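Chemist: I have a structure here, written as structure tokens, and I will follow up with some questions on it.
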Amino acid sequence: MSHQLGVNQNQVFKLVLTGGPCGGKTTGQSRLCSFFETIGWKVFRVPECATVLMSGGVKWMEMNDNDTAVFQFQENLIKCMMQIEKTYCELAQMSTKNCLIICDRGIMDATAYMKPEQWEEMKMKNGWNEIELRDNRYNQVIHMVTAAKGAEKFYSTEHAVRYESPDVARNLDDMASQAWVGHPYYDVIDNSTDFEAKLIRMISTVTDRLGMDFRERLNVNSKKRKFLVRELPSLEGYPQFQDFDVVHDYLATPGQKTQARIRKRGQNGNWTYTHTIRRYLQNNESAETKMHITSRDYTNLLAQIDEKHQTIYKTRRCFLWNDQYYQMDLYKEPCQERCKGLILLETYSTIPAMEPLDLPSFLDIVKEVTGDPYYSMYNLSSKVWLQNTKGKATVSHDSIPNEVANGDVHQEATSNGDHDETNGDINGLR
């Protein structure tokens with residue numbers, strides 16, 4: 001879901017702040033509110049429904065062993081969240097100002113407190129699907145990692161409804177983070193910096209997603225890192241993951257300084273559609289406009305496909321490993337010969353490119369390919385790119401000659417918000 005326009009052509013951006021206990025959500029809400037109000041936005045703060053109910057006498061421990069009670073409570077909680085969110089969204093749609101809607105947790109957080117079979121039953125009963133509830137409902141999801149992970153001395157239970165020990169807090173953090181794996185714009189803000197820097201990183205991910213340039217005001221240091229994976233490992237030792245079908249098409253544009261593409265991404269026949277326009281500026285910088293579109297819009301735009309580019313088909317595998325969010329693209333046929341068997345892993349880190357990074361141990365990483373034009377999706381989809389470079393027409397994934405990278409090609413952008421070959425799926429994770 002990309003930001004929408006209200007009836008007065010104002011921007012409406014819906015954000016979920018989630019995370020484990022004592023992760024900084026409350027303070028983060030306040031700081032986000034202050035920041036956006038100072039730049040002229042209207043900010044709505046959707047309260048956490050579970051906290052409201054528990055403050056009114058609901059005791060989770062009294063129903064925890066009763067599956068029927070848990071099911072009914074979580075179902076009513078989700079419906080309550082839907083209605084409250086709808087109220088704020090309608091108010092934002094009518095505003096004359098740009099609006100930021102901050103949701104203190106979202107629909108998928110409720111699934112962390114249910115058994116998988118309960119969630120499947122609830123979806124079937126109500127006609128729900130995760131593409132609509134998770135991907136299309138919110139523009140962005142930010143997970144604030146509990147202080148019980150990496151900042152233990154700051155973990156506190158001085159909160160009206162917080163009672164969890166650090167061990168319980170870590171477990172709840174894991175469940176909450178896993179519940180959102182698969183959202184196209186999901187950011188994990190860990191405790192690798194002090195708390196003030198953690199809040200700045202959180203605000204930066206929102207401004208980046210909105211396409212706002214506050215680099216001098218907010219110190220943003222995280223960059224995309226991309227790695228070539230030798231082969232798909234067995235599922236043994238694999239973390240939980242979400243797989244998505246992804247289809248990319250590049251569109252014809254009037255000049256080389258503009259790049260346009262459309263994407264559909266989904267599971268089980270449920271899709272989200274995105275139209276992205278990137279304009280290349282001076283000093284290797286670029287500006288990008290991203291729009292959520294309808295299925296009908298997507299079908300109409302297919303008529304503008306650039307015949308010099310082949311459709312890209314991928315399985316996108318999303319997973320968490322050591323509190324870091326990863327996306328791994330498995331290229332599928334039909335595709336260019338050089339894309340057959342190609343697997344690329346991407347994440348964001350403040351550690352500069354080519355410096356050691358703690359990567360998933362279950363993957364066989366061939367090498368880092370951050371910034372390598374050979375692995376830019378734009379160039380991978382091109383039917384003529386290799387012929388236009390000084391390299392060979394057939395190149396091994398294990399050894400890319402230097403002359404390929406020196407050809408007249410589109411250099412892959414590596415600034416914040418440029419996932420998906422600048423498709424913006426994840427930002428500023430460390």
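Labeling convention for the structure tokens: chains A, B, ... as they appear, residues from 1 per chain, ligands from 1 in order of appearance.
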Please list as a PyMOL selection string every residue within 9 Å of segment 333-343 of chain A, counting only C-alpha atoms and excluding residues in the same chain fewer than 2 positions away.
Modeler: chain A and resi 227-232+310-314+328-331+345+380-383+394-397
Chemist: For the residues in that selection, give me N, CA, C and O atoms as a compact mmCIF listing (two decimals), in the first residue's frame.
Modeler:
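Result file is result20.txt:
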# COMPACT_ATOMS: atom_id res chain seq x y z
N PHE A 227 23.78 -9.50 -1.77
CA PHE A 227 24.70 -10.62 -1.80
C PHE A 227 24.20 -11.71 -2.75
O PHE A 227 23.00 -11.98 -2.84
N LEU A 228 25.16 -12.32 -3.44
CA LEU A 228 24.86 -13.44 -4.32
C LEU A 228 24.89 -14.73 -3.51
O LEU A 228 25.86 -15.01 -2.80
N VAL A 229 23.81 -15.52 -3.60
CA VAL A 229 23.69 -16.80 -2.89
C VAL A 229 23.92 -17.93 -3.89
O VAL A 229 23.35 -17.93 -4.98
N ARG A 230 24.72 -18.91 -3.49
CA ARG A 230 25.09 -19.98 -4.43
C ARG A 230 23.90 -20.86 -4.79
O ARG A 230 23.66 -21.16 -5.95
N GLU A 231 23.13 -21.30 -3.78
CA GLU A 231 22.01 -22.19 -4.04
C GLU A 231 21.02 -22.09 -2.90
O GLU A 231 21.36 -21.62 -1.81
N LEU A 232 19.82 -22.54 -3.15
CA LEU A 232 18.78 -22.52 -2.13
C LEU A 232 19.05 -23.64 -1.13
O LEU A 232 19.16 -24.80 -1.52
N GLN A 310 12.59 -7.80 -20.55
CA GLN A 310 11.80 -9.01 -20.33
C GLN A 310 11.14 -8.95 -18.95
O GLN A 310 11.69 -8.39 -18.00
N THR A 311 9.96 -9.53 -18.86
CA THR A 311 9.27 -9.60 -17.57
C THR A 311 10.13 -10.40 -16.58
O THR A 311 10.71 -11.42 -16.93
N ILE A 312 10.22 -9.90 -15.36
CA ILE A 312 10.97 -10.58 -14.30
C ILE A 312 9.97 -11.31 -13.39
O ILE A 312 9.04 -10.70 -12.86
N TYR A 313 10.19 -12.60 -13.22
CA TYR A 313 9.38 -13.41 -12.30
C TYR A 313 10.28 -13.86 -11.15
O TYR A 313 11.37 -14.40 -11.38
N LYS A 314 9.81 -13.67 -9.92
CA LYS A 314 10.61 -14.04 -8.76
C LYS A 314 9.73 -14.63 -7.66
O LYS A 314 8.55 -14.30 -7.56
N MET A 328 15.05 -12.42 0.13
CA MET A 328 15.85 -13.20 -0.80
C MET A 328 15.01 -13.45 -2.05
O MET A 328 13.91 -14.01 -1.96
N ASP A 329 15.54 -13.02 -3.19
CA ASP A 329 14.83 -13.16 -4.45
C ASP A 329 15.35 -14.36 -5.22
O ASP A 329 16.55 -14.46 -5.51
N LEU A 330 14.44 -15.27 -5.57
CA LEU A 330 14.75 -16.44 -6.36
C LEU A 330 14.17 -16.23 -7.76
O LEU A 330 12.94 -16.25 -7.93
N TYR A 331 15.01 -15.96 -8.72
CA TYR A 331 14.54 -15.67 -10.07
C TYR A 331 13.99 -16.95 -10.71
O TYR A 331 14.54 -18.04 -10.55
N LEU A 345 20.29 -11.99 -2.10
CA LEU A 345 19.87 -11.67 -0.73
C LEU A 345 20.09 -10.19 -0.47
O LEU A 345 21.15 -9.65 -0.81
N LEU A 380 19.30 -6.78 -15.46
CA LEU A 380 18.98 -8.21 -15.58
C LEU A 380 17.78 -8.44 -16.49
O LEU A 380 17.68 -9.47 -17.15
N SER A 381 16.87 -7.48 -16.52
CA SER A 381 15.69 -7.63 -17.38
C SER A 381 15.94 -7.20 -18.82
O SER A 381 15.16 -7.52 -19.71
N SER A 382 17.04 -6.47 -19.05
CA SER A 382 17.31 -5.94 -20.38
C SER A 382 17.66 -7.06 -21.36
O SER A 382 18.47 -7.94 -21.06
N LYS A 383 17.10 -6.99 -22.55
CA LYS A 383 17.39 -7.97 -23.59
C LYS A 383 18.66 -7.62 -24.36
O LYS A 383 19.17 -8.45 -25.12
N THR A 394 27.98 -14.16 -22.24
CA THR A 394 27.67 -15.14 -21.22
C THR A 394 28.65 -14.98 -20.08
O THR A 394 29.86 -15.05 -20.28
N VAL A 395 28.13 -14.72 -18.88
CA VAL A 395 28.99 -14.42 -17.74
C VAL A 395 28.58 -15.27 -16.56
O VAL A 395 27.40 -15.37 -16.25
N SER A 396 29.53 -15.89 -15.88
CA SER A 396 29.25 -16.71 -14.70
C SER A 396 28.87 -15.84 -13.52
O SER A 396 29.41 -14.77 -13.33
N HIS A 397 27.91 -16.32 -12.70
CA HIS A 397 27.55 -15.60 -11.48
C HIS A 397 28.71 -15.55 -10.50
O HIS A 397 28.82 -14.64 -9.69
Chemist: Near Ile293 of chain A, counting only C-alpha atoms, which residues have an atom at most 8 Å away, once you skip same-chain residues fewer than 5 positions from it, shown as a PDB file with N, CA, C and O atoms, in the first residue's frame?
Modeler:
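What landed in selection_12.pdb:
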ATOM      1  N   TYR A 273      -0.579  -4.050  -6.120  1.00  0.00           N
ATOM      2  CA  TYR A 273      -0.050  -3.523  -7.378  1.00  0.00           C
ATOM      3  C   TYR A 273       0.604  -2.163  -7.131  1.00  0.00           C
ATOM      4  O   TYR A 273       0.039  -1.313  -6.422  1.00  0.00           O
ATOM      5  N   THR A 274       1.765  -1.965  -7.721  1.00  0.00           N
ATOM      6  CA  THR A 274       2.519  -0.731  -7.514  1.00  0.00           C
ATOM      7  C   THR A 274       3.048  -0.201  -8.847  1.00  0.00           C
ATOM      8  O   THR A 274       3.505  -0.971  -9.695  1.00  0.00           O
ATOM      9  N   HIS A 275       2.973   1.113  -9.017  1.00  0.00           N
ATOM     10  CA  HIS A 275       3.527   1.800 -10.188  1.00  0.00           C
ATOM     11  C   HIS A 275       4.594   2.766  -9.677  1.00  0.00           C
ATOM     12  O   HIS A 275       4.308   3.622  -8.832  1.00  0.00           O
ATOM     13  N   TYR A 298      -3.254  -1.594 -13.334  1.00  0.00           N
ATOM     14  CA  TYR A 298      -2.114  -2.457 -13.664  1.00  0.00           C
ATOM     15  C   TYR A 298      -2.290  -3.072 -15.052  1.00  0.00           C
ATOM     16  O   TYR A 298      -1.368  -3.064 -15.878  1.00  0.00           O
TER      17      TYR A 298
END
Chemist: Let's see if you can do this: from backbone DSSP, list all strand (DSSP E or B) residues in segment 175-399 of chain A, as number ranges by chain.
Modeler: A: 186-189, 223-229, 241-251, 258-267, 270-280, 286-293, 305, 309, 312-321, 324-332, 343-349, 365-368, 382
Chemist: Would you mind listing what lies within 8 Å of segment 317-322 of chain A as a ChimeraX atom specification, with only C-alpha atoms counted and same-chain residues fewer than 4 positions away left out?
Modeler: /A:178,181-182,239-244,326-330,360
Chemist: Need to verify the contact set: segment 121-134 of chain A, 7 Å, only C-alpha atoms, exclusion of same-chain residues closer than 4 positions in sequence. Can you return it as a VMD selection string?
Modeler: chain A and resid 107 to 108 117 138 183 266 270 to 271
Chemist: Any idea what the distance is between atom CA of Met94 of chain A and atom CA of Ser34 of chain A?
Modeler: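 A separation of 21.5 Å between them.
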